[in-house]
Amino acid sequence: MGSGDNQQKTYTILELNTEIKQVLWDQFPELIWVRGEISDFDKNKNKKHIYFVLQEKNPDKDQIISQIPVTIFNSDINRIFKKFQEANLGNELKDGIEVRVLCKLDLYPPHGHYSIIIKDIDPEFTLGKLAQSREAIIQYLRSKNLLDRNKQTFLSLVPQTIGLISQLDSEGYTDFISELKKSKLYFKIRFYNASVQGEKVESEVCEALEYFNQQRNVDAVVIVRGGGSKTDLSWFDNKKIAEKIAFLQIPVITGIGHKTDFTITDMVAFSYQQTPSIAATFFVERINDFLDKIDALSVEIAHNSQNLAKLELQNLIEMKRQINRESTLFLERDKEELKENRKNLLFYCKEFFKNIRETVKQYSLRVDSLDPINIIRLGFSVSKVSGKTIKSIKEVKVGQNMITTVSDGEIKSIIN
Amino acid sequence: MSEKQISYNEAYEELQSILEDIKERNVDVDKLAAKVKRARELITLCEERIKKAEMEIEEIIKSSPEDKG
């Protein structure tokens with residue numbers, strides 16, 4: 001442009017900026033898609049137009065390598081936010097979120113700053129990014145066996161001392177406390193204040209967990225946070241918090257968000273409860289269960305011991321009855337035997353004497369029958385020759401004198 | 001024999017063996033009365049022990065904390 005002398009074209013600043021703007025527009029006549037992470041969004045509260053920064057980080061070092069100013073004009077804000085809301089990504093954009101946006105390159109000549117003006121947004125990209133980073137964390141935890149580590153800790157049967165990690169007076173905090181109060185049970189709460197949203201969540205929740213791990217003065221740690229959008233809750237899809245919980249030697253109970261939410265923090269916890277109120281109910285029920293069991297046990301013990309005493313008493317009564325009966329029976333049997341013996345004795349004595357008498361009689365009969373006189377009386381007689389009893393005819397000779405004795409005298413005869 | 005030192009179970013076992021002896025006629029008649037007397041003593045002892053235990057249990061049940069609704 002222009003020749004080499006001092007009549008060369010010299011731009012005023014405005015001319016230069018205006019021309020650069022034209023070059024930009026010529027180079028990028030259409031809307032273009034840009035992706036990056038939102039930063040410096042928080043300062044936009046209650047402003048008409050929205051200004052923030054999109055940045056790109058070195059994926060390994062968490063270090064910003066490039067950034068660009070961003071504008072959303074008031075006329076586009078509602079449409080863009082609504083689209084984001086409908087994907088359950090929150091009511092508005094927030095720092096730390098990765099977005100893909102349709103935009104126009106612009107340069108504002110009075111300032112000479114170039115920027116991008118957002119016209120539309122792709123919620124699917126943000127959802128995908130969230131899911132992607134969440135999946136990467138889950139993979140990592142699984143590979144290190146950290147997903148179930150806290151589940152292996154022991155939870156007291158009566159967890160009355162609770163380490164509460166939440167944001168003071170937040171919805172989750174009040175829900176949890178008021179549900180505990182409703183139970184009328186005694187609880188001791190050790191509260192550690194921590195952000196439940198934004199970039200401080202990681203450091204503050206980790207700090208709180210570390211505090212309870214060192215103090216060892218609670219039965220369980222509970223992390224509660226009220227409901228929120230996916231991006232709100234994505235602060236709890238955090239690797240450092242998950243690792244801290246995994247290595248904690250105290251059981252961690254979570255009540256984060258609504259029923260459908262399930263963050264990585266929930267995943268690694270000892271027990272995941274759907275909401276802060278339900279987390280409180282978890283403690284109340286555990287203690288009530290214990291009390292019920294104790295009650296049932298004591299009733300059972302009392303009942304059984306009373307039964308045992310009754311049973312023993314019955315045994316004893318039976319024993320008493322048997323001893324009375326058996327000892328009486330014992331003597332009666334003895335008496336009976338004695339009586340029997342006496343009777344037997346009498347009988348045998350009689351028999352004995354009867355036998356004796358019989359025998360004696362038999363003997364006397366036999367003795368009688370053996371007396372020669374008795375035989376002679378029957379008609380038998382004894383004959384003697386020379387004083388010798390004659391038993392054979394050969395013992396006598398003719399002419400001898402024989403004397404025959406009969407029952408009433410002697411007969412003298414001569415043998416011929 | 002000191003009755004304070006005899007346990008319920010010991011007393012009960014002795015009772016059973018006395019009863020067994022009587023049933024089996026394993027006792028000298030001279031000693032039967034003594035055995036029955038001993039059995040009666042043991043029964044009284046056991047009854048007292050049971051009553052005492054029952055009363056203690058009742059006390060414990062009565063003094064347990066308020067019934068939950």
# chains A, B, ... in the order shown; residues from 1 in each chain; ligands from 1
>>> interface_residues(of="chain A", to="chain B", cutoff="12 Å", atoms="only C-alpha atoms", output="ChimeraX atom specification")
/A:288,291-292,294-296,298-335
>>> select_by_dssp(residues="region 238-282 of chain A", states="alpha helix (DSSP H)", output="list in words")
Lys239, Lys240, Ile241, Ala242, Glu243, Lys244, Ile245, Ala246, Phe247, Ile264, Thr265, Asp266, Met267, Val268, Pro276, Ser277, Ile278, Ala279, Ala280, Thr281 and Phe282 of chain A
>>> residues_around(residues="region 267-278 of chain A", least_positions_apart="6", cutoff="6 Å", atoms="only C-alpha atoms", output="MDAnalysis selection string")
chainID A and resid 147 150:151 172 175:176 179 224 251:259
>>> residues_around(residues="Ile189 (chain A)", least_positions_apart="3", cutoff="7 Å", atoms="only C-alpha atoms", output="PyMOL selection string")
chain A and resi 161-164
>>> select_by_dssp(residues="region 29-77 of chain A", states="strand (DSSP E)", output="list in words")
Ile32, Trp33, Val34, Arg35, Gly36, Glu37, Ile38, Ser39, Ile50, Tyr51, Phe52, Val53, Leu54, Gln55, Glu56, Lys57, Asn58, Gln63, Ile64, Ile65, Ser66, Gln67, Ile68, Pro69, Val70, Thr71 and Ile72 of chain A
>>> closest_residue(among="A:Thr231, A:Thr281, A:Ser364, A:Thr18", to="Ala131 (chain A)", atoms="only C-alpha atoms")
A:Thr231
>>> residues_around(residues="Ile32 (chain A)", least_positions_apart="6", cutoff="7 Å", atoms="only C-alpha atoms", output="compact mmCIF listing (two decimals) with N, CA and C atoms, in the first residue's frame")
# COMPACT_ATOMS: atom_id res chain seq x y z
N LEU A 102 -21.05 -21.84 18.98
CA LEU A 102 -21.08 -21.28 17.61
C LEU A 102 -20.91 -19.77 17.75
N CYS A 103 -19.90 -19.21 17.07
CA CYS A 103 -19.65 -17.79 17.32
C CYS A 103 -19.13 -17.04 16.09
N LYS A 104 -19.17 -15.76 16.29
CA LYS A 104 -18.70 -14.85 15.23
C LYS A 104 -17.49 -14.14 15.78
>>> closest_residue(among="A:Ser143, A:Gln214, A:Asn88, A:Ser66", to="Leu233 (chain A)", atoms="only C-alpha atoms")
A:Asn88
>>> residues_around(residues="His49 (chain A)", least_positions_apart="6", cutoff="8 Å", atoms="only C-alpha atoms", output="PyMOL selection string")
chain A and resi 71-74+77
>>> closest_residue(among="A:Thr153, A:Asp60, A:Ile250, A:Val284", to="Ile177 (chain A)", atoms="only C-alpha atoms")
A:Val284
>>> atom_distance(atom1="CA of Asp148 (chain A)", atom2="CA of Glu207 (chain A)")
21.4 Å
